[in-house]
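K.L.:
Pasting a structure here, questions to come.
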Amino acid sequence: MADGFSNIIADGMDAGIRLGESLDEHVVAVPITPPLTMAIVGSPDYFRQHGTPQTPGDLTRHNCLAYRFTSSNTIDRWSFTSPDEEQHTQIVDPKGNAVFNDNDSMLQAALQGVGLVKHLDLRVRQHLSDGSLVRVLAPWCPPFPGFYLYVPSRAQMPAKIRALMDFLIEKRAQLA
């Protein structure tokens with residue numbers, strides 16, 4: 001597992017999983033999740049203490065917990081699209097008192113009221129439904145292509161990869 005881009009053929013791999021917006025046009029790709037959205041979330045206690053941001057610009061007054069990619073050592077920037085007709089893009093560099101390179105630790109910090117995090121809606125769905133996290137700025141986070149399993153070619157696909165593909169397609173239906 002790695003959070004960077006790799007060439008599955010050059011690296012001798014049979015398959016990869018990548019977000020649809022990052023796929024090379026020369027690979028065979030099968031969606032394994034529905035379209036996704038990014039979710040800006042925090043605990044109810046956090047919002048009681050610090051208020052609720054109404055626009056991405058309001059995030060400058062919040063403890064935004066950042067994620068650092070281990071492959072590039074860069075901080076993941078938060079990208080928003082205005083919900084109006086112009087659909088302007090607004091980029092926010094998260095500023096807060098912690099930087100993570102582990103999604104689970106970052107999510108635990110949000111659950112404990114430390115600050116706000118950006119995460120895939122799919123990953124925080126259970127926390128939103130049980131009320132342990134609250135989503136903000138949803139109109140600013142439009143859907144994008146979800147995860148895809150990608151392979152170099154359908155020709156001579158190993159049986160193990162076909163089995164993986166079938167399994168992931170079956171699981172995709174349960175995520176919708």
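Starting from 1 in every chain, residues are counted up; chains themselves are A, B, ... following the order of the structure tokens, and ligands are numbered from 1 as listed.
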Return as a list in words the full set of residues in region 2-110 of chain A whose backbone-based DSSP assignment is alpha helix (DSSP H).

P.N.:
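For region 2-110 of chain A, the alpha helix (DSSP H) set is Pro44, Asp45, Tyr46, Phe47, Arg48, Gln49, His50, Asn103, Asp104, Ser105, Met106, Leu107, Gln108, Ala109 and Ala110 of chain A.
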
K.L.:
Need to verify the contact set: Asp121 (chain A), 8 Å, only C-alpha atoms, exclusion of same-chain residues closer than 3 positions in sequence. Can you return it as a count of residues only?

P.N.:
6

K.L.:
Which residues are close to region 47-57 of chain A, i.e. within 8 Å by only C-alpha atoms, leaving aside same-chain residues fewer than 6 positions away? Reply as a list of chain:residue names.

P.N.:
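Here the answer would be A:Phe80, A:Gln90, A:Val92, A:Val136, A:Leu137, A:Trp140.
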
K.L.:
Please produce a file of those selected residues containing N, CA, C and O atoms, as a CSV table (one decimal), in the first residue's frame.

P.N.:
```
chain,number,residue,atom,x,y,z
A,80,PHE,N,-12.4,23.2,-2.7
A,80,PHE,CA,-13.9,23.4,-2.6
A,80,PHE,C,-14.3,24.0,-3.9
A,80,PHE,O,-13.6,24.7,-4.6
A,90,GLN,N,-12.0,27.0,-4.7
A,90,GLN,CA,-11.3,27.6,-3.6
A,90,GLN,C,-10.4,26.6,-2.9
A,90,GLN,O,-10.9,25.5,-2.5
A,92,VAL,N,-7.9,25.6,0.2
A,92,VAL,CA,-7.6,26.0,1.6
A,92,VAL,C,-6.4,25.1,2.1
A,92,VAL,O,-6.5,23.9,1.9
A,136,VAL,N,-20.0,19.6,7.7
A,136,VAL,CA,-20.2,21.0,7.3
A,136,VAL,C,-19.7,21.3,5.9
A,136,VAL,O,-18.9,20.4,5.3
A,137,LEU,N,-20.1,22.3,5.3
A,137,LEU,CA,-19.7,22.8,3.9
A,137,LEU,C,-20.1,21.8,2.9
A,137,LEU,O,-19.4,21.8,1.8
A,140,TRP,N,-20.3,22.7,-0.8
A,140,TRP,CA,-19.0,23.1,-1.4
A,140,TRP,C,-18.2,21.9,-1.8
A,140,TRP,O,-17.1,22.0,-2.3
```

K.L.:
Pick the closest to Ala110 (chain A) from A:Ala159, A:Val41, A:Ala98, A:Leu59: which is it, counting only C-alpha atoms?

P.N.:
A:Val41

K.L.:
Ranking A:Ala163, A:Leu111, A:Leu149, A:Ala15 by minimum distance to Leu128 (chain A) and counting only C-alpha atoms, which one comes first?

P.N.:
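Counting only C-alpha atoms, the residue closest to Leu128 (chain A) is A:Leu111.
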
K.L.:
What's the separation between CA of Met106 (chain A) and CA of Leu168 (chain A), in Å to one decimal place?

P.N.:
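Distance between the two atoms: 26.2 Å.
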
K.L.:
Using backbone DSSP assignments, extract all strand (DSSP E or B) residues from region 9-143 of chain A; output them as number ranges by chain.

P.N.:
A: 16-19, 28-31, 36, 38-42, 64, 66-68, 75, 78-81, 89-92, 99-100, 116-120, 134-136
